[in-house]
file input11.cif (mmCIF, C-alpha atoms and all ligand atoms)
data_coords
loop_
_atom_site.label_atom_id
_atom_site.label_comp_id
_atom_site.auth_asym_id
_atom_site.auth_seq_id
_atom_site.Cartn_x
_atom_site.Cartn_y
_atom_site.Cartn_z
CA MET A 1 100.98 138.24 91.34
CA THR A 2 104.70 138.97 91.47
CA LYS A 3 105.42 137.82 94.99
CA ALA A 4 104.78 134.47 96.72
CA ARG A 5 101.94 134.46 99.26
CA LEU A 6 101.30 132.08 102.13
CA THR A 7 97.72 132.04 103.43
CA TYR A 8 97.01 130.75 106.94
CA PHE A 9 95.46 131.77 110.23
CA ASP A 10 96.92 134.53 112.39
CA ALA A 11 98.74 132.31 114.89
CA PRO A 12 102.29 130.96 115.13
CA VAL A 13 101.10 127.37 115.05
CA SER A 14 100.83 124.17 113.14
CA ARG A 15 101.08 123.67 109.40
CA GLY A 16 101.00 127.33 108.46
CA GLU A 17 103.88 128.26 110.75
CA GLU A 18 105.95 125.34 109.42
CA CYS A 19 105.58 126.77 105.93
CA ARG A 20 106.27 130.36 107.02
CA LEU A 21 109.50 129.23 108.71
CA ALA A 22 110.54 127.26 105.62
CA LEU A 23 109.92 130.27 103.37
CA HIS A 24 111.77 132.56 105.78
CA LEU A 25 114.81 130.29 106.06
CA ALA A 26 114.77 129.86 102.28
CA GLY A 27 115.08 133.63 102.00
CA VAL A 28 111.84 133.96 100.00
CA ASP A 29 110.30 137.43 100.11
CA PHE A 30 106.68 136.33 100.64
CA GLU A 31 103.42 137.93 101.66
CA ASP A 32 102.40 136.53 105.05
CA HIS A 33 98.65 136.51 104.45
CA ARG A 34 96.81 135.93 107.75
CA LEU A 35 93.09 135.29 107.98
CA THR A 36 90.54 135.48 110.76
CA ARG A 37 88.15 132.52 111.07
CA GLU A 38 85.42 134.74 109.57
CA GLN A 39 87.55 135.58 106.54
CA TRP A 40 88.49 131.90 106.19
CA ALA A 41 84.85 130.87 105.75
CA ALA A 42 84.74 132.84 102.49
CA VAL A 43 88.20 131.77 101.31
CA LYS A 44 87.87 128.04 102.10
CA PRO A 45 85.79 127.05 99.05
CA THR A 46 88.28 128.78 96.73
CA THR A 47 91.26 126.72 97.97
CA PRO A 48 92.45 123.46 96.36
CA PHE A 49 91.23 121.16 99.15
CA GLY A 50 89.27 123.42 101.51
CA SER A 51 92.25 123.59 103.86
CA ALA A 52 95.04 125.94 104.89
CA PRO A 53 97.93 126.60 104.43
CA VAL A 54 97.88 127.59 100.76
CA LEU A 55 100.92 128.80 98.85
CA ASP A 56 100.38 131.09 95.88
CA TRP A 57 103.49 131.09 93.74
CA PRO A 58 103.90 133.58 90.89
CA GLY A 59 102.75 132.07 87.61
CA LYS A 60 101.38 128.86 89.21
CA PRO A 61 98.01 127.68 90.51
CA ALA A 62 97.47 127.63 94.27
CA LEU A 63 99.32 124.86 96.11
CA ALA A 64 97.87 123.27 99.26
CA GLN A 65 98.89 120.48 101.66
CA SER A 66 101.65 121.51 104.05
CA ASN A 67 103.97 118.65 103.10
CA ALA A 68 103.73 119.51 99.39
CA ILE A 69 104.46 123.17 100.19
CA LEU A 70 107.40 122.23 102.42
CA THR A 71 108.99 119.86 99.91
CA PHE A 72 108.48 122.35 97.08
CA VAL A 73 110.29 125.05 99.06
CA GLY A 74 112.85 122.59 100.37
CA ARG A 75 113.80 121.27 96.93
CA ARG A 76 114.00 124.71 95.44
CA TYR A 77 116.07 126.30 98.21
CA ASP A 78 118.24 123.42 99.35
CA LEU A 79 116.32 122.66 102.52
CA HIS A 80 115.45 119.07 101.51
CA PRO A 81 117.87 116.22 100.74
CA LYS A 82 119.15 115.91 97.18
CA ASP A 83 119.45 112.14 97.53
CA ASP A 84 116.12 110.60 96.44
CA PHE A 85 116.00 107.97 99.14
CA GLU A 86 116.98 110.34 101.95
CA ALA A 87 114.36 112.80 100.64
CA ALA A 88 111.74 110.04 100.75
CA ARG A 89 112.77 109.20 104.31
CA HIS A 90 112.23 112.84 105.31
CA GLU A 91 108.85 112.81 103.53
CA ALA A 92 107.91 109.64 105.43
CA MET A 93 108.63 111.46 108.72
CA MET A 94 106.55 114.41 107.53
CA GLY A 95 103.71 111.97 106.83
CA HIS A 96 104.20 110.49 110.30
CA VAL A 97 103.69 113.97 111.80
CA GLU A 98 100.52 114.40 109.72
CA ASP A 99 99.26 111.07 111.11
CA LEU A 100 99.25 112.51 114.62
CA PRO A 101 96.04 114.07 115.93
CA ARG A 102 95.97 117.86 115.67
CA GLY A 103 93.18 120.39 115.64
CA ASP A 104 91.31 118.28 113.10
CA HIS A 105 91.24 115.10 115.24
CA PRO A 106 87.83 113.47 115.95
CA THR A 107 88.28 114.12 119.69
CA MET A 108 88.00 117.84 118.86
CA ARG A 109 84.42 117.26 117.79
CA MET A 110 83.39 115.28 120.87
CA THR A 111 80.81 117.23 122.81
CA ASP A 112 80.53 114.84 125.75
CA GLU A 113 83.35 116.03 128.08
CA ALA A 114 83.72 112.66 129.83
CA GLU A 115 84.00 110.83 126.51
CA LYS A 116 86.53 113.38 125.26
CA LYS A 117 88.60 113.07 128.46
CA ARG A 118 88.65 109.28 128.15
CA ALA A 119 89.67 109.43 124.48
CA ARG A 120 92.42 111.99 125.14
CA GLU A 121 93.76 110.05 128.13
CA GLN A 122 93.90 107.01 125.91
CA LEU A 123 95.83 109.00 123.30
CA SER A 124 98.29 110.20 125.95
CA ALA A 125 98.82 106.77 127.45
CA THR A 126 99.21 104.74 124.30
CA TYR A 127 98.98 106.32 120.86
CA ILE A 128 101.19 109.38 121.34
CA PRO A 129 104.04 107.59 123.19
CA ALA A 130 104.00 104.86 120.51
CA TRP A 131 104.01 107.54 117.80
CA ALA A 132 106.99 109.22 119.50
CA ALA A 133 108.90 105.94 119.83
CA TYR A 134 108.58 105.31 116.08
CA ALA A 135 109.69 108.89 115.40
CA GLU A 136 112.75 108.51 117.67
CA ARG A 137 113.96 105.56 115.61
CA GLN A 138 113.96 107.68 112.45
CA ILE A 139 115.86 110.66 113.86
CA ASP A 140 119.63 110.83 113.38
CA ALA A 141 121.47 109.66 116.50
CA ASP A 142 123.93 112.58 116.52
CA GLY A 143 121.70 115.30 115.15
CA PRO A 144 120.99 117.86 116.18
CA PHE A 145 118.44 117.86 113.34
CA PHE A 146 116.33 115.04 111.92
CA GLY A 147 118.83 114.14 109.21
CA GLY A 148 122.04 115.25 110.94
CA ALA A 149 123.90 118.53 111.10
CA THR A 150 121.79 120.59 108.69
CA VAL A 151 118.31 121.99 109.20
CA GLN A 152 115.79 120.78 106.58
CA VAL A 153 112.07 121.35 106.04
CA VAL A 154 111.14 118.21 108.00
CA ASP A 155 112.63 119.90 111.08
CA PHE A 156 110.07 122.73 110.98
CA LYS A 157 107.31 120.14 111.05
CA ILE A 158 108.91 118.47 114.06
CA LEU A 159 109.37 121.83 115.80
CA MET A 160 105.69 122.67 115.46
CA ILE A 161 104.28 119.32 116.58
CA VAL A 162 106.63 119.06 119.58
CA ARG A 163 105.97 122.69 120.55
CA TRP A 164 102.24 122.03 120.46
CA LEU A 165 102.34 118.80 122.46
CA LYS A 166 104.73 120.31 125.05
CA SER A 167 102.46 123.32 125.47
CA GLY A 168 99.71 121.23 127.03
CA ALA A 169 97.21 123.08 124.80
CA LEU A 170 95.30 119.89 124.07
CA ASP A 171 92.99 119.24 127.05
CA HIS A 172 93.73 116.01 128.91
CA VAL A 173 97.05 115.53 127.08
CA PRO A 174 99.80 116.50 129.57
CA GLY A 175 102.73 118.62 128.37
CA THR A 176 104.97 115.77 129.53
CA VAL A 177 103.55 113.34 126.97
CA LEU A 178 106.81 113.40 124.94
CA ASP A 179 109.12 113.10 127.96
CA GLY A 180 110.35 109.71 126.77
CA ALA A 181 111.45 111.12 123.41
CA PRO A 182 114.83 112.88 123.77
CA ARG A 183 115.54 113.09 120.04
CA LEU A 184 112.25 114.85 119.33
CA HIS A 185 113.12 117.36 122.06
CA ARG A 186 116.64 117.74 120.69
CA VAL A 187 115.33 118.56 117.20
CA HIS A 188 112.78 120.97 118.69
CA ASP A 189 115.46 122.80 120.71
CA ALA A 190 117.95 122.96 117.82
CA VAL A 191 115.39 124.34 115.36
CA ASP A 192 114.00 126.77 117.92
CA ALA A 193 117.52 128.10 118.60
CA HIS A 194 118.45 128.36 114.90
CA PRO A 195 119.51 131.98 114.24
CA ARG A 196 117.14 132.34 111.27
CA VAL A 197 114.23 131.02 113.34
CA ARG A 198 115.09 133.46 116.14
CA ASP A 199 115.29 136.16 113.51
CA TRP A 200 111.73 135.30 112.35
CA TYR A 201 110.32 135.63 115.85
CA GLU A 202 112.20 138.86 116.49
CA LYS A 203 110.80 140.25 113.27
CA ARG A 204 107.25 139.06 114.06
CA GLY A 205 107.45 140.16 117.71
N1 LIG A 301 96.78 117.64 105.32
C1 LIG A 301 96.51 119.06 105.28
C2 LIG A 301 95.67 119.42 106.49
C3 LIG A 301 95.28 120.87 106.45
C4 LIG A 301 94.40 121.27 107.61
O1 LIG A 301 93.64 120.47 108.21
N2 LIG A 301 94.48 122.55 107.94
C5 LIG A 301 93.66 123.10 108.99
C6 LIG A 301 94.49 124.14 109.76
S1 LIG A 301 95.98 123.44 110.42
C7 LIG A 301 92.48 123.83 108.34
O2 LIG A 301 92.49 124.16 107.17
N3 LIG A 301 91.42 124.08 109.13
C8 LIG A 301 90.28 124.84 108.69
C9 LIG A 301 89.26 124.03 107.95
O3 LIG A 301 89.40 122.80 107.82
O4 LIG A 301 88.28 124.62 107.51
C10 LIG A 301 97.85 119.81 105.27
O5 LIG A 301 98.85 119.22 105.67
O6 LIG A 301 97.88 120.97 104.82
#

call {"tool": "encode", "arguments": {"input": "input11.cif", "output": "structure tokens"}}
result
Amino acid sequence: MTKARLTYFDAPVSRGEECRLALHLAGVDFEDHRLTREQWAAVKPTTPFGSAPVLDWPGKPALAQSNAILTFVGRRYDLHPKDDFEAARHEAMMGHVEDLPRGDHPTMRMTDEAEKKRAREQLSATYIPAWAAYAERQIDADGPFFGGATVQVVDFKILMIVRWLKSGALDHVPGTVLDGAPRLHRVHDAVDAHPRVRDWYEKRG
């Protein structure tokens, strides 16, 4: 393999899209390898942890875990702080995003609709606003990005989680659930408007 390859599902969402954006802003010429759910069933057992995204880097074994992929790309292409403590602070925020329920949350597997509704309403009323309040305290006051004036890999993670929660795609979690979190919205808007991010979406259509 001579070219980097990022394997994920064929949708502009979640952990895979974070990594694609990081690679794109880094200027890496990578293969954007997109799988259907059927193809994934065969690929899953061959991946490091049975999860996507996976980054194949020339001359290296496959790398999984979105935060490891993001920090690898960020360190290599100056999209992650050089200062060790500031880098760790960004990684802590990335871990905080991973702590939030996504497609792999137990409520996804609830088959009883009433039970699922109750659990999701509980998430919307308590857990997610508390999660957002902790996140707000970590985000730079002036911004526009998480760490200040420069976009870093942590910002792609914030973009994707805020985009998803705002979309209202999770049943019984209203798209207004982050309304009390202006800094999260500010990071989302700044990353979304970044010329290289716009360029990615123009290219992808
Ligand atoms: N902590 C992992 C979580 C990876 C994960 O759960 N990925 C989901 C897609 S976002 C996945 O692989 N789903 C398919 C499966 O579990 O079979 C990461 O950050 O990469």

call {"tool": "residues_around", "arguments": {"input": "input11.cif", "residues": "Lys117 (chain A)", "least_positions_apart": "2", "cutoff": "9 Å", "atoms": "all atoms listed in the file", "output": "list in words"}}
result
Thr107, Asp112, Glu113, Ala114, Glu115, Ala119, Arg120, Glu121, Gln122, Asp171, His172 and Val173 of chain A

call {"tool": "residues_around", "arguments": {"input": "input11.cif", "residues": "Ala133 (chain A)", "least_positions_apart": "3", "cutoff": "12 Å", "atoms": "only C-alpha atoms", "output": "PyMOL selection string"}}
result
chain A and resi 96+126-130+136-139+177-184

call {"tool": "write_last_selection", "arguments": {"input": "input11.cif", "atoms": "C-alpha atoms", "output": "JSON list (two decimals), in the coordinates of the input"}}
result
[["chain", "number", "residue", "atom", "x", "y", "z"],
["A", 96, "HIS", "CA", 104.20, 110.49, 110.30],
["A", 126, "THR", "CA", 99.21, 104.74, 124.30],
["A", 127, "TYR", "CA", 98.98, 106.32, 120.86],
["A", 128, "ILE", "CA", 101.19, 109.38, 121.34],
["A", 129, "PRO", "CA", 104.04, 107.59, 123.19],
["A", 130, "ALA", "CA", 104.00, 104.86, 120.51],
["A", 136, "GLU", "CA", 112.75, 108.51, 117.67],
["A", 137, "ARG", "CA", 113.96, 105.56, 115.61],
["A", 138, "GLN", "CA", 113.96, 107.68, 112.45],
["A", 139, "ILE", "CA", 115.86, 110.66, 113.86],
["A", 177, "VAL", "CA", 103.55, 113.34, 126.97],
["A", 178, "LEU", "CA", 106.81, 113.40, 124.94],
["A", 179, "ASP", "CA", 109.12, 113.10, 127.96],
["A", 180, "GLY", "CA", 110.35, 109.71, 126.77],
["A", 181, "ALA", "CA", 111.45, 111.12, 123.41],
["A", 182, "PRO", "CA", 114.83, 112.88, 123.77],
["A", 183, "ARG", "CA", 115.54, 113.09, 120.04],
["A", 184, "LEU", "CA", 112.25, 114.85, 119.33]]

call {"tool": "atom_distance", "arguments": {"input": "input11.cif", "atom1": "CA of His33 (chain A)", "atom2": "CA of Glu18 (chain A)"}}
result
14.2 Å

call {"tool": "atom_distance", "arguments": {"input": "input11.cif", "atom1": "CA of Arg34 (chain A)", "atom2": "CA of Phe9 (chain A)"}}
result
5.0 Å

call {"tool": "residues_near_ligand", "arguments": {"input": "input11.cif", "ligand": "ligand LIG 301 (chain A)", "cutoff": "8 Å", "atoms": "only C-alpha atoms and all ligand atoms", "output": "PyMOL selection string"}}
result
chain A and resi 8-9+13-16+40-41+44+50-54+64-68+98+102-104

call {"tool": "atom_distance", "arguments": {"input": "input11.cif", "atom1": "CA of Val28 (chain A)", "atom2": "CA of Val197 (chain A)"}}
result
13.9 Å

call {"tool": "residues_around", "arguments": {"input": "input11.cif", "residues": "region 55-63 of chain A", "least_positions_apart": "3", "cutoff": "7 Å", "atoms": "only C-alpha atoms", "output": "PyMOL selection string"}}
result
chain A and resi 1-7+48+69

call {"tool": "residues_around", "arguments": {"input": "input11.cif", "residues": "Gly27 (chain A)", "least_positions_apart": "5", "cutoff": "12 Å", "atoms": "all atoms listed in the file", "output": "VMD selection string"}}
result
chain A and resid 4 20 to 22 73 to 74 76 to 79 196 to 197 199 to 200

call {"tool": "closest_residue", "arguments": {"input": "input11.cif", "among": "A:Met160, A:Leu123, A:Val151, A:Cys19", "to": "His105 (chain A)", "atoms": "only C-alpha atoms"}}
result
A:Leu123

call {"tool": "closest_residue", "arguments": {"input": "input11.cif", "among": "A:Ala169, A:Val153, A:Met110, A:Val162", "to": "Trp131 (chain A)", "atoms": "only C-alpha atoms"}}
result
A:Val162

call {"tool": "axis_aligned_box", "arguments": {"input": "input11.cif", "around": "region 150-163 of chain A", "padding_each_side": "4 Å", "output": "JSON"}}
result
{"center_x": 113.0, "center_y": 120.5, "center_z": 113.3, "size_x": 25.5, "size_y": 12.5, "size_z": 22.5}

call {"tool": "closest_residue", "arguments": {"input": "input11.cif", "among": "A:Glu31, A:Asp155, A:Asp140, A:Asp84", "to": "Asp192 (chain A)", "atoms": "only C-alpha atoms"}}
result
A:Asp155

call {"tool": "build_atoms", "arguments": {"input": "input11.cif", "residues": "region 104-127 of chain A", "atoms": "N, CA and C atoms", "output": "tab-separated table (two decimals), in the frame of the given file"}}
result
chain	number	residue	atom	x	y	z
A	104	ASP	N	92.35	118.88	113.93
A	104	ASP	CA	91.31	118.28	113.10
A	104	ASP	C	90.97	116.86	113.56
A	105	HIS	N	91.47	116.46	114.75
A	105	HIS	CA	91.24	115.10	115.24
A	105	HIS	C	89.78	114.92	115.68
A	106	PRO	N	89.22	113.70	115.52
A	106	PRO	CA	87.83	113.47	115.95
A	106	PRO	C	87.56	113.85	117.40
A	107	THR	N	88.56	113.76	118.29
A	107	THR	CA	88.28	114.12	119.69
A	107	THR	C	87.94	115.60	119.83
A	108	MET	N	88.33	116.41	118.84
A	108	MET	CA	88.00	117.84	118.86
A	108	MET	C	86.49	118.04	118.72
A	109	ARG	N	85.86	117.09	118.06
A	109	ARG	CA	84.42	117.26	117.79
A	109	ARG	C	83.55	116.59	118.85
A	110	MET	N	84.18	115.95	119.84
A	110	MET	CA	83.39	115.28	120.87
A	110	MET	C	82.77	116.32	121.79
A	111	THR	N	81.48	116.24	121.99
A	111	THR	CA	80.81	117.23	122.81
A	111	THR	C	80.65	116.73	124.25
A	112	ASP	N	80.63	115.41	124.41
A	112	ASP	CA	80.53	114.84	125.75
A	112	ASP	C	81.91	114.92	126.41
A	113	GLU	N	82.04	115.77	127.44
A	113	GLU	CA	83.35	116.03	128.08
A	113	GLU	C	83.99	114.75	128.63
A	114	ALA	N	83.16	113.88	129.23
A	114	ALA	CA	83.72	112.66	129.83
A	114	ALA	C	84.27	111.74	128.74
A	115	GLU	N	83.55	111.68	127.63
A	115	GLU	CA	84.00	110.83	126.51
A	115	GLU	C	85.30	111.39	125.93
A	116	LYS	N	85.34	112.74	125.81
A	116	LYS	CA	86.53	113.38	125.26
A	116	LYS	C	87.74	113.13	126.18
A	117	LYS	N	87.52	113.27	127.48
A	117	LYS	CA	88.60	113.07	128.46
A	117	LYS	C	89.14	111.64	128.34
A	118	ARG	N	88.24	110.69	128.27
A	118	ARG	CA	88.65	109.28	128.15
A	118	ARG	C	89.47	109.07	126.88
A	119	ALA	N	88.99	109.62	125.77
A	119	ALA	CA	89.67	109.43	124.48
A	119	ALA	C	91.05	110.08	124.49
A	120	ARG	N	91.14	111.28	125.09
A	120	ARG	CA	92.42	111.99	125.14
A	120	ARG	C	93.40	111.28	126.08
A	121	GLU	N	92.87	110.77	127.20
A	121	GLU	CA	93.76	110.05	128.13
A	121	GLU	C	94.31	108.80	127.46
A	122	GLN	N	93.48	108.20	126.67
A	122	GLN	CA	93.90	107.01	125.91
A	122	GLN	C	95.00	107.39	124.92
A	123	LEU	N	94.81	108.52	124.24
A	123	LEU	CA	95.83	109.00	123.30
A	123	LEU	C	97.16	109.23	124.01
A	124	SER	N	97.08	109.85	125.19
A	124	SER	CA	98.29	110.20	125.95
A	124	SER	C	99.01	108.97	126.49
A	125	ALA	N	98.22	107.96	126.83
A	125	ALA	CA	98.82	106.77	127.45
A	125	ALA	C	99.39	105.81	126.42
A	126	THR	N	98.81	105.78	125.26
A	126	THR	CA	99.21	104.74	124.30
A	126	THR	C	99.64	105.31	122.95
A	127	TYR	N	98.71	105.94	122.26
A	127	TYR	CA	98.98	106.32	120.86
A	127	TYR	C	100.15	107.29	120.72
